[in-house]
Each structure stands twice: as structure tokens, then as C-alpha cells.
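Q: Contents of query_34.tsv (TSV, C-alpha atoms and all ligand atoms):
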```tsv
chain	number	residue	atom	x	y	z
A	1	MET	CA	7.78	-13.15	4.22
A	2	PRO	CA	5.68	-10.65	2.25
A	3	LEU	CA	4.04	-7.77	4.13
A	4	ILE	CA	0.70	-8.73	5.64
A	5	PRO	CA	-2.40	-6.63	6.27
A	6	LEU	CA	-3.14	-5.58	9.86
A	7	ARG	CA	-6.42	-7.49	10.10
A	8	PRO	CA	-5.03	-10.95	10.97
A	9	LEU	CA	-2.82	-9.37	13.62
A	10	LEU	CA	-5.83	-7.59	15.11
A	11	ALA	CA	-7.66	-10.93	15.19
A	12	ALA	CA	-4.73	-12.46	17.09
A	13	THR	CA	-4.69	-9.68	19.71
A	14	GLN	CA	-8.39	-10.26	20.32
A	15	ARG	CA	-8.05	-14.00	20.53
A	16	TYR	CA	-4.97	-14.13	22.75
A	17	GLY	CA	-5.45	-10.99	24.83
A	18	PHE	CA	-2.27	-9.07	24.08
A	19	ALA	CA	-1.56	-5.74	22.40
A	20	GLN	CA	0.81	-4.91	19.61
A	21	GLY	CA	2.77	-1.69	19.71
A	22	ALA	CA	2.63	0.32	16.48
A	23	PHE	CA	5.81	2.30	16.05
A	24	ASN	CA	6.18	5.46	13.98
A	25	VAL	CA	9.10	5.68	11.58
A	26	ASN	CA	10.41	8.59	9.51
A	27	SER	CA	13.28	6.82	7.81
A	28	VAL	CA	14.64	3.53	6.54
A	29	ILE	CA	17.09	3.38	9.47
A	30	GLN	CA	14.29	3.51	12.00
A	31	ALA	CA	12.34	0.89	10.03
A	32	GLU	CA	15.34	-1.46	10.13
A	33	ALA	CA	15.68	-0.96	13.87
A	34	VAL	CA	11.98	-1.56	14.57
A	35	ILE	CA	11.98	-4.80	12.56
A	36	ALA	CA	15.23	-6.03	14.13
A	37	ALA	CA	13.82	-5.54	17.64
A	38	HIS	CA	10.68	-7.49	16.77
A	39	GLU	CA	12.74	-10.29	15.24
A	40	MET	CA	14.70	-10.58	18.45
A	41	PHE	CA	11.44	-11.29	20.33
A	42	ARG	CA	9.73	-13.19	17.50
A	43	SER	CA	6.93	-10.69	17.60
A	44	ALA	CA	4.86	-9.61	14.61
A	45	ALA	CA	5.56	-5.93	13.81
A	46	ILE	CA	3.52	-2.86	12.98
A	47	LEU	CA	5.49	0.00	11.43
A	48	GLN	CA	3.61	3.17	10.77
A	49	GLY	CA	4.31	6.30	8.83
A	50	ALA	CA	2.20	9.34	9.66
A	51	ASP	CA	0.73	11.19	6.71
A	52	LEU	CA	3.22	14.04	7.04
A	53	ALA	CA	6.09	11.70	7.88
A	54	ASN	CA	5.54	10.46	4.36
A	55	ALA	CA	5.90	14.05	3.14
A	56	PHE	CA	9.19	14.27	5.09
A	57	MET	CA	10.43	11.04	3.54
A	58	GLY	CA	9.39	12.45	0.20
A	59	GLY	CA	12.18	14.98	0.75
A	60	ASN	CA	10.32	17.96	2.20
A	61	ALA	CA	12.12	19.24	5.33
A	62	ASP	CA	9.19	21.63	5.81
A	63	PHE	CA	6.98	18.56	6.09
A	64	LEU	CA	4.09	20.29	7.85
A	65	LYS	CA	3.44	21.89	4.49
A	66	GLY	CA	3.94	18.63	2.60
A	67	THR	CA	2.11	18.27	-0.70
A	68	LEU	CA	0.39	15.21	-2.10
A	69	GLU	CA	3.39	14.67	-4.40
A	70	ASP	CA	5.77	14.70	-1.40
A	71	LYS	CA	3.56	12.12	0.32
A	72	GLN	CA	3.44	9.91	-2.77
A	73	ARG	CA	7.23	9.98	-3.08
A	74	GLY	CA	7.74	9.31	0.63
A	75	ALA	CA	5.18	6.48	0.72
A	76	ARG	CA	6.92	4.79	-2.21
A	77	LEU	CA	10.34	5.15	-0.62
A	78	ILE	CA	9.38	3.69	2.76
A	79	GLY	CA	7.01	1.20	1.10
A	80	GLU	CA	9.75	-0.29	-1.04
A	81	ALA	CA	12.29	-0.38	1.79
A	82	VAL	CA	9.92	-2.04	4.27
A	83	LYS	CA	8.75	-4.52	1.64
A	84	LYS	CA	12.36	-5.65	1.15
A	85	LEU	CA	13.07	-5.82	4.88
A	86	SER	CA	9.90	-7.85	5.39
A	87	GLN	CA	10.76	-10.24	2.57
A	88	ASP	CA	14.01	-11.15	4.33
A	89	SER	CA	12.40	-11.43	7.75
A	90	PRO	CA	10.93	-14.46	9.53
A	91	ILE	CA	8.23	-12.36	11.23
A	92	PRO	CA	5.00	-10.93	9.77
A	93	VAL	CA	5.30	-7.18	9.19
A	94	VAL	CA	2.53	-4.62	8.64
A	95	LEU	CA	3.09	-1.18	7.13
A	96	HIS	CA	0.34	1.17	8.30
A	97	LEU	CA	-0.54	4.78	7.47
A	98	ASP	CA	-1.08	6.81	10.65
A	99	HIS	CA	-3.59	9.71	10.59
A	100	GLY	CA	-4.45	9.61	6.89
A	101	LYS	CA	-5.92	13.01	6.25
A	102	ASP	CA	-8.11	12.44	3.20
A	103	PHE	CA	-8.87	9.94	0.47
A	104	ALA	CA	-5.93	11.10	-1.70
A	105	SER	CA	-3.40	10.59	1.13
A	106	VAL	CA	-4.77	7.12	1.79
A	107	LYS	CA	-4.53	6.26	-1.89
A	108	ALA	CA	-0.92	7.54	-2.00
A	109	ALA	CA	-0.04	5.20	0.86
A	110	ILE	CA	-1.77	2.18	-0.69
A	111	ASP	CA	-0.08	2.87	-4.04
A	112	GLY	CA	3.25	3.09	-2.18
A	113	GLY	CA	2.79	-0.40	-0.72
A	114	PHE	CA	1.18	0.20	2.69
A	115	THR	CA	-0.93	-2.77	3.79
A	116	SER	CA	-3.08	-0.91	6.30
A	117	VAL	CA	-4.38	2.66	6.53
A	118	MET	CA	-5.95	4.98	9.02
A	119	ILE	CA	-8.46	7.54	7.85
A	120	ASP	CA	-8.84	10.19	10.51
A	121	GLY	CA	-12.22	11.86	10.13
A	122	SER	CA	-12.51	12.53	13.87
A	123	HIS	CA	-12.64	16.31	13.33
A	124	LEU	CA	-15.73	15.93	11.12
A	125	PRO	CA	-19.36	15.71	12.20
A	126	PHE	CA	-20.39	12.07	12.78
A	127	ALA	CA	-22.25	11.58	9.48
A	128	GLU	CA	-19.40	13.02	7.41
A	129	ASN	CA	-16.84	10.94	9.28
A	130	VAL	CA	-18.93	7.84	8.52
A	131	GLU	CA	-19.18	8.81	4.85
A	132	LEU	CA	-15.45	9.44	4.37
A	133	THR	CA	-14.46	6.33	6.31
A	134	ARG	CA	-16.90	4.15	4.40
A	135	GLU	CA	-15.48	5.36	1.11
A	136	VAL	CA	-11.95	4.47	2.27
A	137	VAL	CA	-13.07	1.06	3.58
A	138	GLN	CA	-14.62	0.19	0.25
A	139	TYR	CA	-11.49	1.15	-1.71
A	140	ALA	CA	-9.09	-0.49	0.76
A	141	HIS	CA	-10.96	-3.74	1.40
A	142	GLU	CA	-11.21	-4.42	-2.34
A	143	ARG	CA	-7.42	-4.54	-2.20
A	144	GLY	CA	-7.20	-6.55	1.03
A	145	ILE	CA	-5.96	-3.49	2.95
A	146	THR	CA	-6.99	-2.99	6.59
A	147	VAL	CA	-8.67	0.25	7.77
A	148	GLU	CA	-8.52	2.10	11.07
A	149	GLY	CA	-11.05	4.87	11.75
A	150	GLU	CA	-11.23	7.37	14.59
A	151	LEU	CA	-14.08	8.61	16.71
A	152	GLY	CA	-13.69	11.14	19.52
A	153	VAL	CA	-11.00	13.78	19.83
A	154	LEU	CA	-7.66	13.45	21.62
A	155	SER	CA	-5.97	16.55	22.92
A	156	GLY	CA	-2.29	17.27	22.32
A	157	VAL	CA	-0.16	17.74	19.23
A	158	GLU	CA	1.02	15.24	16.64
A	159	ASP	CA	2.33	16.80	13.43
A	160	ASP	CA	-0.67	18.74	12.10
A	161	VAL	CA	-3.14	16.83	14.29
A	162	PHE	CA	-3.83	18.90	17.36
A	163	SER	CA	-6.59	19.87	19.70
A	164	ASP	CA	-6.82	21.84	22.94
A	165	GLN	CA	-9.55	19.72	24.37
A	166	SER	CA	-10.45	16.10	24.27
A	167	THR	CA	-13.88	14.68	23.67
A	168	TYR	CA	-14.25	11.13	24.94
A	169	THR	CA	-15.64	8.59	22.53
A	170	ASN	CA	-19.34	7.80	23.03
A	171	PRO	CA	-19.50	3.97	23.17
A	172	LEU	CA	-22.91	3.76	21.46
A	173	LYS	CA	-21.72	5.98	18.63
A	174	ALA	CA	-18.56	3.88	18.32
A	175	VAL	CA	-20.59	0.73	17.75
A	176	GLU	CA	-22.81	2.52	15.23
A	177	PHE	CA	-19.65	3.82	13.50
A	178	CYS	CA	-18.14	0.34	13.17
A	179	LYS	CA	-21.42	-1.07	11.89
A	180	LYS	CA	-21.91	1.65	9.28
A	181	THR	CA	-18.32	1.88	8.03
A	182	GLY	CA	-16.98	-1.69	8.29
A	183	VAL	CA	-13.63	-0.55	9.75
A	184	ASP	CA	-11.34	-3.25	11.15
A	185	CYS	CA	-10.19	-1.18	14.09
A	186	LEU	CA	-11.11	2.08	15.74
A	187	ALA	CA	-9.04	4.73	17.51
A	188	ILE	CA	-10.91	6.04	20.51
A	189	SER	CA	-10.47	8.93	22.88
A	190	TYR	CA	-10.44	7.69	26.49
A	191	GLY	CA	-7.79	9.71	28.29
A	192	THR	CA	-4.59	9.34	26.27
A	193	LYS	CA	-3.01	12.35	24.64
A	194	HIS	CA	-0.61	13.08	21.78
A	195	GLY	CA	2.83	14.50	22.65
A	196	ALA	CA	5.08	14.38	25.72
A	197	VAL	CA	2.91	16.44	28.07
A	198	LYS	CA	0.07	14.18	29.06
A	199	GLY	CA	-0.41	15.38	32.65
A	200	GLU	CA	0.49	13.71	35.93
A	201	ASN	CA	-0.94	10.34	36.97
A	202	VAL	CA	-3.20	9.97	33.96
A	203	GLN	CA	-6.09	7.62	34.53
A	204	LEU	CA	-7.63	6.04	31.47
A	205	ARG	CA	-11.39	5.64	31.08
A	206	LYS	CA	-11.26	1.89	30.88
A	207	GLU	CA	-15.06	1.65	30.98
A	208	ILE	CA	-15.23	3.17	27.51
A	209	VAL	CA	-13.02	0.37	26.16
A	210	ILE	CA	-15.13	-2.26	27.91
A	211	ALA	CA	-18.43	-0.76	26.74
A	212	VAL	CA	-17.40	-0.58	23.07
A	213	THR	CA	-15.78	-4.02	23.04
A	214	GLU	CA	-18.72	-5.75	24.74
A	215	ASN	CA	-21.29	-4.11	22.52
A	216	LEU	CA	-19.37	-4.99	19.35
A	217	LYS	CA	-19.32	-8.59	20.52
A	218	HIS	CA	-23.06	-8.58	21.17
A	219	GLU	CA	-23.70	-7.17	17.73
A	220	GLY	CA	-21.38	-9.72	16.10
A	221	ILE	CA	-19.21	-6.95	14.63
A	222	PHE	CA	-15.44	-7.39	14.35
A	223	GLY	CA	-13.51	-4.44	15.75
A	224	VAL	CA	-10.35	-3.94	17.79
A	225	LEU	CA	-9.70	-0.68	19.63
A	226	VAL	CA	-6.60	1.42	19.10
A	227	SER	CA	-4.89	3.59	21.67
A	228	HIS	CA	-3.20	6.69	20.22
A	229	GLY	CA	-0.97	9.05	22.16
A	230	SER	CA	0.16	6.23	24.44
A	231	SER	CA	3.85	6.89	24.95
A	232	LEU	CA	5.14	6.28	28.46
A	233	VAL	CA	7.64	9.17	28.35
A	234	PRO	CA	10.25	7.37	30.49
A	235	ARG	CA	11.58	9.71	33.15
A	236	TYR	CA	15.14	8.34	32.92
A	237	ILE	CA	15.30	9.35	29.27
A	238	VAL	CA	13.88	12.86	29.75
A	239	GLU	CA	16.20	13.52	32.70
A	240	LYS	CA	19.24	12.51	30.68
A	241	ILE	CA	18.23	14.76	27.77
A	242	ASN	CA	17.91	17.67	30.17
A	243	GLN	CA	21.29	16.88	31.77
A	244	LEU	CA	22.79	17.06	28.29
A	245	GLY	CA	21.43	20.52	27.56
A	246	GLY	CA	17.80	19.81	26.66
A	247	THR	CA	14.95	21.75	28.23
A	248	ILE	CA	11.96	19.42	28.05
A	249	LYS	CA	9.47	20.58	30.66
A	250	GLY	CA	6.36	19.05	32.18
A	251	ALA	CA	6.87	15.76	30.37
A	252	ASN	CA	4.62	12.95	31.57
A	253	GLY	CA	3.45	9.82	29.81
A	254	ILE	CA	0.77	7.19	30.32
A	255	PRO	CA	1.63	4.94	33.27
A	256	MET	CA	2.43	1.36	32.21
A	257	GLU	CA	-0.09	-0.08	34.68
A	258	GLU	CA	-2.87	1.95	33.07
A	259	LEU	CA	-1.98	0.64	29.62
A	260	LYS	CA	-1.77	-2.92	30.84
A	261	SER	CA	-5.23	-2.66	32.37
A	262	VAL	CA	-6.81	-1.64	29.05
A	263	ILE	CA	-5.10	-4.35	26.99
A	264	LYS	CA	-7.24	-7.05	28.56
A	265	ALA	CA	-10.32	-4.85	28.09
A	266	GLY	CA	-10.00	-4.62	24.30
A	267	ILE	CA	-7.13	-2.37	23.24
A	268	GLY	CA	-5.13	-4.36	20.67
A	269	LYS	CA	-2.96	-1.73	19.00
A	270	ILE	CA	-0.98	0.86	20.93
A	271	ASN	CA	0.65	3.73	19.03
A	272	ILE	CA	4.09	4.88	20.13
A	273	ASP	CA	5.93	7.83	18.62
A	274	THR	CA	7.09	10.25	21.34
A	275	ASP	CA	9.14	7.62	23.24
A	276	LEU	CA	11.12	6.81	20.10
A	277	ARG	CA	11.86	10.47	19.48
A	278	LEU	CA	13.00	10.92	23.08
A	279	ALA	CA	15.35	7.92	23.10
A	280	VAL	CA	16.89	8.95	19.77
A	281	THR	CA	17.36	12.54	20.97
A	282	ARG	CA	19.08	11.40	24.18
A	283	ASN	CA	21.43	9.13	22.22
A	284	ILE	CA	22.40	11.83	19.75
A	285	ARG	CA	22.97	14.37	22.50
A	286	GLU	CA	25.09	11.81	24.32
A	287	TYR	CA	27.14	11.08	21.21
A	288	LEU	CA	27.74	14.74	20.39
A	289	ALA	CA	28.69	15.53	24.01
A	290	GLY	CA	31.13	12.62	24.18
A	291	ASN	CA	32.94	13.16	20.88
A	292	ASN	CA	35.15	16.20	20.54
A	293	SER	CA	35.89	15.31	16.92
A	294	ALA	CA	32.18	15.72	16.10
A	295	ALA	CA	32.69	19.47	16.28
A	296	GLU	CA	35.00	19.26	13.26
A	297	ASN	CA	32.48	17.42	11.12
A	298	PRO	CA	30.38	20.10	9.37
A	299	ALA	CA	27.20	17.99	9.29
A	300	LEU	CA	27.43	17.08	12.95
A	301	LYS	CA	28.31	20.62	13.90
A	302	ALA	CA	25.18	21.82	12.14
A	303	ILE	CA	23.08	19.23	13.96
A	304	ALA	CA	24.51	20.36	17.32
A	305	GLU	CA	23.69	23.97	16.46
A	306	LEU	CA	20.10	23.12	15.61
A	307	MET	CA	19.77	21.23	18.89
A	308	ASN	CA	21.16	24.20	20.81
A	309	GLN	CA	18.85	26.64	19.07
A	310	LYS	CA	15.79	24.69	20.18
A	311	PRO	CA	16.77	22.77	23.32
A	312	GLU	CA	13.14	21.85	23.98
A	313	GLN	CA	12.85	20.06	20.65
A	314	PHE	CA	12.99	16.27	20.52
A	315	ASP	CA	11.67	15.47	17.06
A	316	PRO	CA	14.69	14.17	15.11
A	317	ARG	CA	13.19	15.54	11.89
A	318	GLY	CA	13.76	19.01	13.33
A	319	TYR	CA	17.51	18.75	14.00
A	320	LEU	CA	18.62	16.09	11.50
A	321	VAL	CA	17.96	18.39	8.54
A	322	PRO	CA	21.74	18.65	7.74
A	323	ILE	CA	21.84	14.89	7.07
A	324	MET	CA	18.21	14.54	6.04
A	325	ASP	CA	18.74	12.57	2.81
A	326	SER	CA	21.10	10.03	4.30
A	327	PHE	CA	18.92	9.73	7.42
A	328	ILE	CA	15.86	8.93	5.31
A	329	THR	CA	17.56	6.43	3.00
A	330	GLY	CA	20.19	5.05	5.39
A	331	GLN	CA	22.93	5.69	2.79
A	332	THR	CA	26.13	7.45	3.80
A	333	THR	CA	29.90	7.07	3.56
A	334	ASP	CA	30.66	9.44	6.44
A	335	PRO	CA	31.82	7.29	9.40
A	336	GLN	CA	30.54	9.80	11.95
A	337	VAL	CA	27.12	9.91	10.34
A	338	LEU	CA	27.17	6.11	10.55
A	339	ASP	CA	27.85	6.49	14.27
A	340	ILE	CA	24.78	8.70	14.51
A	341	PHE	CA	22.73	6.05	12.68
A	342	LYS	CA	23.92	3.46	15.16
A	343	ARG	CA	22.77	5.67	18.05
A	344	ILE	CA	19.38	6.17	16.37
A	345	LYS	CA	18.91	2.43	15.98
A	346	GLN	CA	19.92	1.75	19.58
A	347	GLY	CA	17.39	4.30	20.83
A	348	VAL	CA	14.60	2.79	18.76
A	349	GLN	CA	15.44	-0.73	19.89
A	350	GLU	CA	15.55	0.19	23.58
A	351	VAL	CA	11.97	1.53	23.43
A	352	VAL	CA	10.55	-1.09	21.07
A	353	GLY	CA	12.10	-4.01	22.95
A	354	THR	CA	10.77	-2.80	26.28
A	355	LEU	CA	7.23	-2.41	24.94
A	356	ILE	CA	7.15	-5.75	23.12
A	357	VAL	CA	7.77	-7.34	26.50
A	358	GLU	CA	5.36	-5.10	28.45
A	359	PHE	CA	2.49	-5.39	25.95
A	360	GLY	CA	2.73	-9.18	25.90
A	361	SER	CA	3.65	-9.49	22.24
A	362	VAL	CA	6.76	-11.65	22.71
A	363	GLY	CA	6.31	-14.63	20.38
A	364	SER	CA	3.18	-13.16	18.72
A	365	SER	CA	4.66	-13.96	15.33
A	366	ALA	CA	3.47	-17.57	15.66
A	367	LYS	CA	-0.07	-16.50	16.59
A	368	VAL	CA	-0.65	-14.37	13.50
A	369	GLU	CA	-1.99	-15.88	10.31
A	370	ALA	CA	0.15	-14.69	7.39
A	371	VAL	CA	-2.66	-13.77	5.00
A	372	SER	CA	-1.88	-12.29	1.58
A	373	LEU	CA	-3.65	-9.15	0.42
A	374	GLU	CA	-5.39	-11.17	-2.32
A	375	GLU	CA	-6.72	-13.71	0.16
A	376	MET	CA	-7.81	-10.92	2.49
A	377	ALA	CA	-9.67	-9.16	-0.33
A	378	GLN	CA	-11.55	-12.36	-1.06
A	379	ARG	CA	-12.50	-12.78	2.58
A	380	TYR	CA	-13.91	-9.25	2.72
A	381	GLN	CA	-15.90	-9.95	-0.42
A	382	ARG	CA	-17.33	-13.17	0.96
A	383	ASN	CA	-18.39	-11.44	4.17
A	384	SER	CA	-19.94	-8.37	2.59
A	401	ZN	ZN	-2.56	9.60	16.80
```
Go through the file and emit its structure as C-alpha cells.
Ligand SMILES: [Zn+2]

A:
Amino acid sequence: MPLIPLRPLLAATQRYGFAQGAFNVNSVIQAEAVIAAHEMFRSAAILQGADLANAFMGGNADFLKGTLEDKQRGARLIGEAVKKLSQDSPIPVVLHLDHGKDFASVKAAIDGGFTSVMIDGSHLPFAENVELTREVVQYAHERGITVEGELGVLSGVEDDVFSDQSTYTNPLKAVEFCKKTGVDCLAISYGTKHGAVKGENVQLRKEIVIAVTENLKHEGIFGVLVSHGSSLVPRYIVEKINQLGGTIKGANGIPMEELKSVIKAGIGKINIDTDLRLAVTRNIREYLAGNNSAAENPALKAIAELMNQKPEQFDPRGYLVPIMDSFITGQTTDPQVLDIFKRIKQGVQEVVGTLIVEFGSVGSSAKVEAVSLEEMAQRYQRNS
């Protein structure tokens, strides 16, 4: 079926009390794997590309310095691929922009075919964040596109989004923000953290989720809360990476029980990136370690060298540079590169499958209204 906006899926999470994982992709291969895993469980799917992931897919290996043109190219590439995959799929699929930096980046994503966007103005003073977000909401809703805003600051690192300290979201401000901007969902800061080092035994500030959700209800404002930086950082995966030559230290994720407790309280979208990177890294290390012939393949040899140079690294974009183009597009004739693709897909599916089950989204496909962008645009207009 055609791609759908995020809004009807958010409505379903609220109504039925489950959460939907939102999985970051940097390539067509990963997108295929994410969709296949959701099909297996008849779950609706949220694929997201971070702003700079779009720059990477636009062909810039130095993606932290990605330009608007890189992002436009990358958004079109992943947009077209996901649109096709969705068309052939029996489940509703959403393509969402993660951490949109400014209006131009958001527009690049929408032009590329994204059906939902995040505008991250959380680093701005409240009034400026409201202003920027409102501008994006107006542009997006006219086109039926869903908008996620952010209020409060998460610590940790995610591409070029980083902070040393977190500032928890003020529930009263969050309600005011939703009222003034008209966002469909809001990322809050309540104890999660970007990256693989989240601290031991993290406890989430569930009361913030409850306070915002209850007050939105009282005010009659639609709004679902989003949990960023929510990877679980499975110990079994990190240990295996380290056994195979990696040096990932101090890695700790959010405990599953903590996440489950906030789903019922109002978290409907849970962002997962780190866990995918870890599973893919373990699988590639395992493949390279178990295949002597890999050392004779120049591309694979170069990948192994990059992994050895930075054993602490687990972002595939860092070490897959030698096969970057085929990784992004999924096109190759090299049988060993195809083996690597297979390992990437398996890693993605292991993580995605586990979380579909844990977050209660098995079968969610049937609970989500497949609304077209045109219909959604009309609904926004009627309600404004
Ligand atoms: Zn984030």
C-alpha cells in the first residue's frame, strides 16, 4: 500500500496502548530488512532517516559535513526506494525524518517523499522553538505530513546532535508547546540518552510522561510522546563484538522493564538506532573472522582495516566506506559483498523483531487506519 503519514499510527498507539519502534536506516538494504521484519509480525512500520543520514545516502562519506544538496539527494534516494517497498507490502509504512535541523532540511525530506518529519528546535529558547516548529507544522500539515517536535534536552551523541547535560522536559511547557505549535507528537527528555553509554540501571522519569499525557487529555489536545535515545544495548551483542576484537566500553542501554512501564503512560513512538548498529557490527565482525577468503577481497580487506583502526567504532557508516555506494543502493555483483548485505539484514531483523514483540506492536497493522496524505491534509484543514 502507499506510504502513510505517522498521525494515524500515533492515534492507534494511544487508543490501544502499545508503542511502535521507529528504526533508523542509512541504506536501502536496511530499509528492506526493517520492512521485512515488520511484515513477519504484521506490524505497521516506522522507518526513519536522520538528517545527516540523508546526507550520507546522498553520497557524502563525510556526512557530518553534509550539505543541503547531499540531503536532498539522499532523501530522494531513500524516499523512492521506501515508496516502492511500501507499495508491494501488505503493512502500512511511514517514512520519517529524524532530527530535522531547519526548515530547509525538512523541506528536502518532504520533497524526497517522507511522510512525517521531526523538527528539532530543542536547542533554541522556548519562543524560538515554538516559532520554528509552528512554521514547519503549517507547511507539513498542508501536505498531510505529520510533525514531531522536541522540548527538553537529552544528553549523549547522535550524529551532530549532542549535549553534555540533559534538561528534563517541563510538563507545563510541553502542553503549552503542543497547544501553540499543533505538533502531532513530541520528543521529551525524561532520562533516556543518545548513544551506547547511557549509565547503569537507568530509571526513567515516568511522572513526566504521565503529567504531559494527562494534561494534554484535559486540554483536548492530540499529542503522543516520543522516546529518543531508547536503545537497550543488549549485553550479548556488545560482549560478542568485544570478543571479536571490538573495544566498546561502558555500554549500557535502557532496561526493557523501564521502557515497558512508560508505554502504558503515554509513550507511543520509541526511537532505536544504536541497537541496529551494534547488531550489524557484530555480524560483520563475525563474518570477517570466519572467512579466510575475505582477506583476498580488496573491499572486504579495506573494511577489516577500518574496523581494526577504530575498534571502538560501531557505526557501519564509518567502516563500510569501501562499499559505500553498493551499501546505500543495495546493488552489487560481488558475492562476498552480498554475504555482507545478508549479515546486515540479519542483524537489523534480530533487533527489530525482538522490539516489535516487546513493544506490543505485533499485529498493529490491522489497528492503523491507512490514510492518504490528501485525506490527512483535509482533516487538518477541517480541524484548524
Ligand atoms: Zn534523537

Q: Between A:Thr115, A:Asn26, A:Thr274, A:Asn283, which one has atoms that come closest to ligand ZN 401 (chain A), using only C-alpha atoms and all ligand atoms?

A: A:Thr274

Q: Would you kindly identify which residues have an atom no farther than 10 Å from (18.0, 15.7, 29.1), using all atoms listed in the file and the file's own coordinates, and write them out as a PyMOL selection string?

A: chain A and resi 235-249+278+281-282+285-286+311-312+314

Q: Sort by chain and increasing residue number a table of all residues of chain A within 9 Å of ligand ZN 401 (chain A), each with its closest pair of atoms and their distance in Å to one decimal, counting only C-alpha atoms and all ligand atoms, and write it as CSV.

A:
```
residue,atom,partner,partner_atom,distance
A:Ala50,CA,A:ZN401,ZN,8.6
A:Asp98,CA,A:ZN401,ZN,6.9
A:His99,CA,A:ZN401,ZN,6.3
A:Asp120,CA,A:ZN401,ZN,8.9
A:Leu154,CA,A:ZN401,ZN,8.0
A:Val157,CA,A:ZN401,ZN,8.8
A:Glu158,CA,A:ZN401,ZN,6.7
A:Val161,CA,A:ZN401,ZN,7.7
A:Ala187,CA,A:ZN401,ZN,8.1
A:Lys193,CA,A:ZN401,ZN,8.3
A:His194,CA,A:ZN401,ZN,6.4
A:Ser227,CA,A:ZN401,ZN,8.1
A:His228,CA,A:ZN401,ZN,4.5
A:Gly229,CA,A:ZN401,ZN,5.6
A:Ser230,CA,A:ZN401,ZN,8.8
A:Asn271,CA,A:ZN401,ZN,7.1
A:Ile272,CA,A:ZN401,ZN,8.8
A:Asp273,CA,A:ZN401,ZN,8.9
```

Q: Name all residues at most 9 Å from segment 6-12 of chain A (count all atoms listed in the file; drop same-chain ones fewer than 3 positions away) and give them as a ChimeraX atom specification.

A: /A:15-20,44,46,92-96,115-117,145-147,184-185,222-224,268-269,364-365,367-371,376

Q: Nearest residue to Ile254 of chain A out of A:Glu214, A:Glu305, A:Thr192, A:Tyr287, using only C-alpha atoms?

A: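 Comparing A:Glu214, A:Glu305, A:Thr192, A:Tyr287 against Ile254 of chain A, the winner is A:Thr192.
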
Q: So that I can check the surroundings of segment 346-363 of chain A, please list as a PyMOL selection string every protein, DNA and RNA residue that reaches within 10 Å of it, counting only C-alpha atoms and ignoring chain neighbours fewer than 6 positions away.

A: chain A and resi 13+16-23+25+29-45+91+231-232+234+256-257+259-260+263+268-270+272-273+275-284+340

Q: Between A:Val183, A:Gly195, A:Glu142, A:Ser122, which one has atoms that come closest to Thr167 of chain A, using all atoms listed in the file?

A: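 So, comparing all the options, the nearest one is A:Ser122.
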
Q: List as a list in words the protein and nucleic acid residues near Ser86 of chain A, meaning an atom at most 7 Å away when all atoms listed in the file are counted, but skip any in the same chain fewer than 2 places from it.

A: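 With the cut-off at 7 Å, the set is Met1, Pro2, Leu3, Val82, Lys83, Lys84, Asp88, Ser89 and Val93 of chain A.
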
Q: Store the residues picked out above in a file with C-alpha atoms, as a PDB file, keeping the file's coordinate frame.

A:
```pdb
ATOM      1  CA  MET A   1       7.780 -13.150   4.220  1.00  0.00           C
ATOM      2  CA  PRO A   2       5.680 -10.650   2.250  1.00  0.00           C
ATOM      3  CA  LEU A   3       4.040  -7.770   4.130  1.00  0.00           C
ATOM      4  CA  VAL A  82       9.920  -2.040   4.270  1.00  0.00           C
ATOM      5  CA  LYS A  83       8.750  -4.520   1.640  1.00  0.00           C
ATOM      6  CA  LYS A  84      12.360  -5.650   1.150  1.00  0.00           C
ATOM      7  CA  ASP A  88      14.010 -11.150   4.330  1.00  0.00           C
ATOM      8  CA  SER A  89      12.400 -11.430   7.750  1.00  0.00           C
ATOM      9  CA  VAL A  93       5.300  -7.180   9.190  1.00  0.00           C
TER      10      VAL A  93
END
```
